[in-house]
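Below you'll find the structure, written out as structure tokens, and then a few comments.
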Amino acid sequence: MAASASVPSFVQLAAHPVRWQLLTTLSGGDHRVRELATLAGEPQNLVSYHLRVLRDGGLVTTTRSSFDGRDSYYHLDLDRCGRMLADVGAVLHPALAPTRKQPPSGAAGPVAVLFVCTGNSSRSPIAEALLRRHSDLTCSRGVEIFSGGTDPKPEMHPLAVRVLREDFGIDISGRAPRHLAAVTGRRFDAVVTLCDKARENCPEFDGDTRCIHWSIPDPAATADSDAYPTFRAVAADIDNRVRHLLPALARIPRSGPSAARASEGRNRSVPTEKRGVR
């Protein structure tokens, strides 16, 4: 009993095979419990139990779906996982402290990423701008970044422009929201939806495209008279997610230079069919 009490908490939380599978699945994006049950091949009540253990341990959080209030999305706190894993190494031996590696430079050809939300006036352009910023800071030149909306607004939200300028030194004041139709014909290696409604209305992509969902509430929907703190919180959340996304993009296989991919009009271009409700 004394020996088990000294086991680092991350090891205790992650050691169960079902919980480890949930952690690895959530590391790629947010999911609903029934999706996790399907992916894990386990009964939903068992998955719910293990999710509760992970949530009590501080590794997983939940947000109510903004599209269907009866649903909740589970999100993995990768920063906390990183800190806890570092603690595990320190407990075992001080020489096992992790070292951060730079992502590959994309010599095999650029990876194309598309961010999608409904209005393309706040969340997805914020993500586009922040991924470009992190790509530049880490010299990860092999990333092509786009964003679009399923029902774009007439103009960028002024608080989105403000938060990028004041908190990150990025100016998007001259940018206008885009419809997804603006990128029709382009091929994407990864598509990230940032709102629950856009996830259900996003065009369907074939199996070669990695589809990722981030359940992020619309900051413009806040009822507060001063919505700027909400925009700052959302931008900070997106910045954290983008920072973790960049190394993952380097692992996505791509067949060759962007010019060659652009000349192939098949598998991963934006189609017109709509995604069914999942």
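How things are named: the first chain in the structure tokens is A, the next is B, and so on; residues count from 1 in each chain; ligands count from 1 in the order shown.
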Cut-off 10 Å: closest region 61-141 of chain A/region 146-155 of chain A atom pairs per residue, using only C-alpha atoms, as JSON lines:
{"residue": "A:Ala112", "atom": "CA", "partner": "A:Phe146", "partner_atom": "CA", "distance": 7.9}
{"residue": "A:Val113", "atom": "CA", "partner": "A:Phe146", "partner_atom": "CA", "distance": 6.2}
{"residue": "A:Leu114", "atom": "CA", "partner": "A:Phe146", "partner_atom": "CA", "distance": 4.8}
{"residue": "A:Phe115", "atom": "CA", "partner": "A:Ser147", "partner_atom": "CA", "distance": 4.4}
{"residue": "A:Val116", "atom": "CA", "partner": "A:Gly148", "partner_atom": "CA", "distance": 5.2}
{"residue": "A:Cys117", "atom": "CA", "partner": "A:Gly149", "partner_atom": "CA", "distance": 5.1}
{"residue": "A:Thr118", "atom": "CA", "partner": "A:Gly149", "partner_atom": "CA", "distance": 4.7}
{"residue": "A:Gly119", "atom": "CA", "partner": "A:Pro152", "partner_atom": "CA", "distance": 3.8}
{"residue": "A:Asn120", "atom": "CA", "partner": "A:Gly149", "partner_atom": "CA", "distance": 4.5}
{"residue": "A:Ser121", "atom": "CA", "partner": "A:Lys153", "partner_atom": "CA", "distance": 6.2}
{"residue": "A:Ser122", "atom": "CA", "partner": "A:Lys153", "partner_atom": "CA", "distance": 9.7}
{"residue": "A:Arg123", "atom": "CA", "partner": "A:Ser147", "partner_atom": "CA", "distance": 9.6}
{"residue": "A:Ser124", "atom": "CA", "partner": "A:Ser147", "partner_atom": "CA", "distance": 5.8}
{"residue": "A:Pro125", "atom": "CA", "partner": "A:Ser147", "partner_atom": "CA", "distance": 6.1}
{"residue": "A:Ile126", "atom": "CA", "partner": "A:Ser147", "partner_atom": "CA", "distance": 9.2}
{"residue": "A:Ala127", "atom": "CA", "partner": "A:Ser147", "partner_atom": "CA", "distance": 8.2}
{"residue": "A:Glu128", "atom": "CA", "partner": "A:Ser147", "partner_atom": "CA", "distance": 6.1}
{"residue": "A:Ala129", "atom": "CA", "partner": "A:Phe146", "partner_atom": "CA", "distance": 9.1}
{"residue": "A:Leu131", "atom": "CA", "partner": "A:Phe146", "partner_atom": "CA", "distance": 9.9}
{"residue": "A:Arg132", "atom": "CA", "partner": "A:Phe146", "partner_atom": "CA", "distance": 9.5}
Pull the closest atom pair for each residue of region 127-225 of chain A that gets at most 10 Å from region 43-67 of chain A, along with the distance in Å to one decimal, counting only C-alpha atoms, ordering rows by chain and then ascending residue number, as a Markdown table.
| residue | atom | partner | partner_atom | distance |
| --- | --- | --- | --- | --- |
| A:Cys195 | CA | A:Ser66 | CA | 7.5 |
| A:Asp196 | CA | A:Phe67 | CA | 5.3 |
| A:Lys197 | CA | A:Phe67 | CA | 4.9 |
| A:Ala198 | CA | A:Phe67 | CA | 8.7 |
| A:Arg199 | CA | A:Phe67 | CA | 9.1 |
| A:Glu200 | CA | A:Phe67 | CA | 8.5 |
| A:Ser215 | CA | A:Ser65 | CA | 7.2 |
| A:Ile216 | CA | A:Thr63 | CA | 8.2 |
| A:Pro217 | CA | A:Ser66 | CA | 6.5 |
| A:Asp218 | CA | A:Ser66 | CA | 8.2 |
Using C-alpha atoms, can you write the selected residues to a file as a PDB file, in the first residue's frame?
ATOM      1  CA  CYS A 195     -17.344  25.659 -33.275  1.00  0.00           C
ATOM      2  CA  ASP A 196     -19.898  22.922 -32.787  1.00  0.00           C
ATOM      3  CA  LYS A 197     -22.321  24.234 -35.409  1.00  0.00           C
ATOM      4  CA  ALA A 198     -19.604  24.459 -38.045  1.00  0.00           C
ATOM      5  CA  ARG A 199     -18.591  20.897 -37.273  1.00  0.00           C
ATOM      6  CA  GLU A 200     -22.020  19.678 -38.291  1.00  0.00           C
ATOM      7  CA  SER A 215     -15.238  22.951 -29.102  1.00  0.00           C
ATOM      8  CA  ILE A 216     -14.741  26.678 -28.490  1.00  0.00           C
ATOM      9  CA  PRO A 217     -17.716  28.922 -27.629  1.00  0.00           C
ATOM     10  CA  ASP A 218     -18.334  31.956 -29.811  1.00  0.00           C
TER      11      ASP A 218
END
*What is the CA of Asn240 (chain A) to CA of Asp79 (chain A) distance in Å?*
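Taking CA of Asn240 (chain A) as the start and CA of Asp79 (chain A) as the end point, the length is 8.4 Å.
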*Using backbone DSSP assignments, extract all strand (DSSP E or B) residues from region 88-229 of chain A; output them as a PyMOL selection string.*
chain A and resi 111-117+143-149+179+187+190-193+203+210-213
*asked:* Give me, as a list in words, all polymer residues having an atom no more than 8 Å from Phe231 (chain A), counting only C-alpha atoms and skipping those fewer than 4 positions away in the same chain.
replied: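 Listing them by chain and then by number gives Leu159, Ala160, Val163, Pro219, Ala220, Ala227 and Ala235 of chain A.
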*What lies within 8 Å of Thr209 (chain A) using only C-alpha atoms, ignoring chain neighbours under 5 positions off, as a PyMOL selection string?*
chain A and resi 188-191+268
*Would you list the contacts of Gly28 (chain A) as an NGL selection string, taking every protein, DNA or RNA residue within 10 Å and counting only C-alpha atoms, but skipping same-chain residues closer than 3 positions in sequence?*
:A and (23-25 or 31 or 75-76 or 210-214 or 244-245 or 248)
_Atomic distance CA of Val88 (chain A) - CA of Gly41 (chain A), expressed in Å with one decimal_ = 29.2 Å
_Which of region 30-140 of chain A DSSP labels alpha helix (DSSP H), written as a PyMOL selection string_ = chain A and resi 33-40+44-56+78-92+123-137
Write the residues you've just listed into a file as a PDB file, in the first residue's frame, and include C-alpha atoms for each of them.
ATOM      1  CA  VAL A  33     -18.855  10.665 -25.010  1.00  0.00           C
ATOM      2  CA  ARG A  34     -20.703   8.531 -27.552  1.00  0.00           C
ATOM      3  CA  GLU A  35     -17.943   9.151 -30.101  1.00  0.00           C
ATOM      4  CA  LEU A  36     -15.331   8.133 -27.549  1.00  0.00           C
ATOM      5  CA  ALA A  37     -17.301   4.977 -26.747  1.00  0.00           C
ATOM      6  CA  THR A  38     -17.397   4.074 -30.434  1.00  0.00           C
ATOM      7  CA  LEU A  39     -13.704   4.766 -30.934  1.00  0.00           C
ATOM      8  CA  ALA A  40     -12.761   2.822 -27.802  1.00  0.00           C
ATOM      9  CA  GLN A  44     -20.749   4.234 -22.945  1.00  0.00           C
ATOM     10  CA  ASN A  45     -21.289   3.887 -19.182  1.00  0.00           C
ATOM     11  CA  LEU A  46     -17.758   2.462 -18.789  1.00  0.00           C
ATOM     12  CA  VAL A  47     -16.278   5.277 -20.877  1.00  0.00           C
ATOM     13  CA  SER A  48     -18.231   7.829 -18.824  1.00  0.00           C
ATOM     14  CA  TYR A  49     -16.775   6.376 -15.628  1.00  0.00           C
ATOM     15  CA  HIS A  50     -13.187   6.632 -16.890  1.00  0.00           C
ATOM     16  CA  LEU A  51     -13.800  10.139 -18.212  1.00  0.00           C
ATOM     17  CA  ARG A  52     -14.978  11.130 -14.754  1.00  0.00           C
ATOM     18  CA  VAL A  53     -11.745   9.740 -13.261  1.00  0.00           C
ATOM     19  CA  LEU A  54      -9.693  11.743 -15.761  1.00  0.00           C
ATOM     20  CA  ARG A  55     -11.752  14.855 -15.100  1.00  0.00           C
ATOM     21  CA  ASP A  56     -11.361  14.474 -11.321  1.00  0.00           C
ATOM     22  CA  LEU A  78      -2.147  18.949 -22.848  1.00  0.00           C
ATOM     23  CA  ASP A  79      -0.236  21.491 -20.787  1.00  0.00           C
ATOM     24  CA  ARG A  80      -1.189  19.732 -17.575  1.00  0.00           C
ATOM     25  CA  CYS A  81      -0.301  16.379 -19.130  1.00  0.00           C
ATOM     26  CA  GLY A  82       3.114  17.760 -20.030  1.00  0.00           C
ATOM     27  CA  ARG A  83       3.739  19.034 -16.516  1.00  0.00           C
ATOM     28  CA  MET A  84       2.648  15.771 -14.945  1.00  0.00           C
ATOM     29  CA  LEU A  85       4.782  13.724 -17.344  1.00  0.00           C
ATOM     30  CA  ALA A  86       7.779  15.901 -16.484  1.00  0.00           C
ATOM     31  CA  ASP A  87       7.097  15.204 -12.817  1.00  0.00           C
ATOM     32  CA  VAL A  88       7.069  11.464 -13.552  1.00  0.00           C
ATOM     33  CA  GLY A  89      10.522  11.689 -15.124  1.00  0.00           C
ATOM     34  CA  ALA A  90      11.858  13.710 -12.209  1.00  0.00           C
ATOM     35  CA  VAL A  91      10.513  11.170  -9.722  1.00  0.00           C
ATOM     36  CA  LEU A  92      12.204   8.303 -11.539  1.00  0.00           C
ATOM     37  CA  ARG A 123     -12.361  32.089 -33.958  1.00  0.00           C
ATOM     38  CA  SER A 124     -11.064  30.685 -37.254  1.00  0.00           C
ATOM     39  CA  PRO A 125      -9.167  33.833 -38.356  1.00  0.00           C
ATOM     40  CA  ILE A 126      -7.652  34.035 -34.863  1.00  0.00           C
ATOM     41  CA  ALA A 127      -6.483  30.428 -35.246  1.00  0.00           C
ATOM     42  CA  GLU A 128      -5.166  31.119 -38.747  1.00  0.00           C
ATOM     43  CA  ALA A 129      -3.183  34.136 -37.550  1.00  0.00           C
ATOM     44  CA  LEU A 130      -1.803  32.392 -34.464  1.00  0.00           C
ATOM     45  CA  LEU A 131      -0.722  29.240 -36.292  1.00  0.00           C
ATOM     46  CA  ARG A 132       1.066  31.411 -38.838  1.00  0.00           C
ATOM     47  CA  ARG A 133       2.760  33.267 -35.972  1.00  0.00           C
ATOM     48  CA  HIS A 134       3.915  30.058 -34.265  1.00  0.00           C
ATOM     49  CA  SER A 135       5.027  28.640 -37.601  1.00  0.00           C
ATOM     50  CA  ASP A 136       7.183  31.725 -38.181  1.00  0.00           C
ATOM     51  CA  LEU A 137       8.585  31.712 -34.624  1.00  0.00           C
TER      52      LEU A 137
END
*Which is closer to Pro247 (chain A) than all the others in A:Ala221, A:Tyr228, A:Arg187, A:Gly142, using only C-alpha atoms?*
A:Gly142
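Atom to atom, CA of Phe10 (chain A) and CA of Leu249 (chain A) stand 25.5 Å apart.
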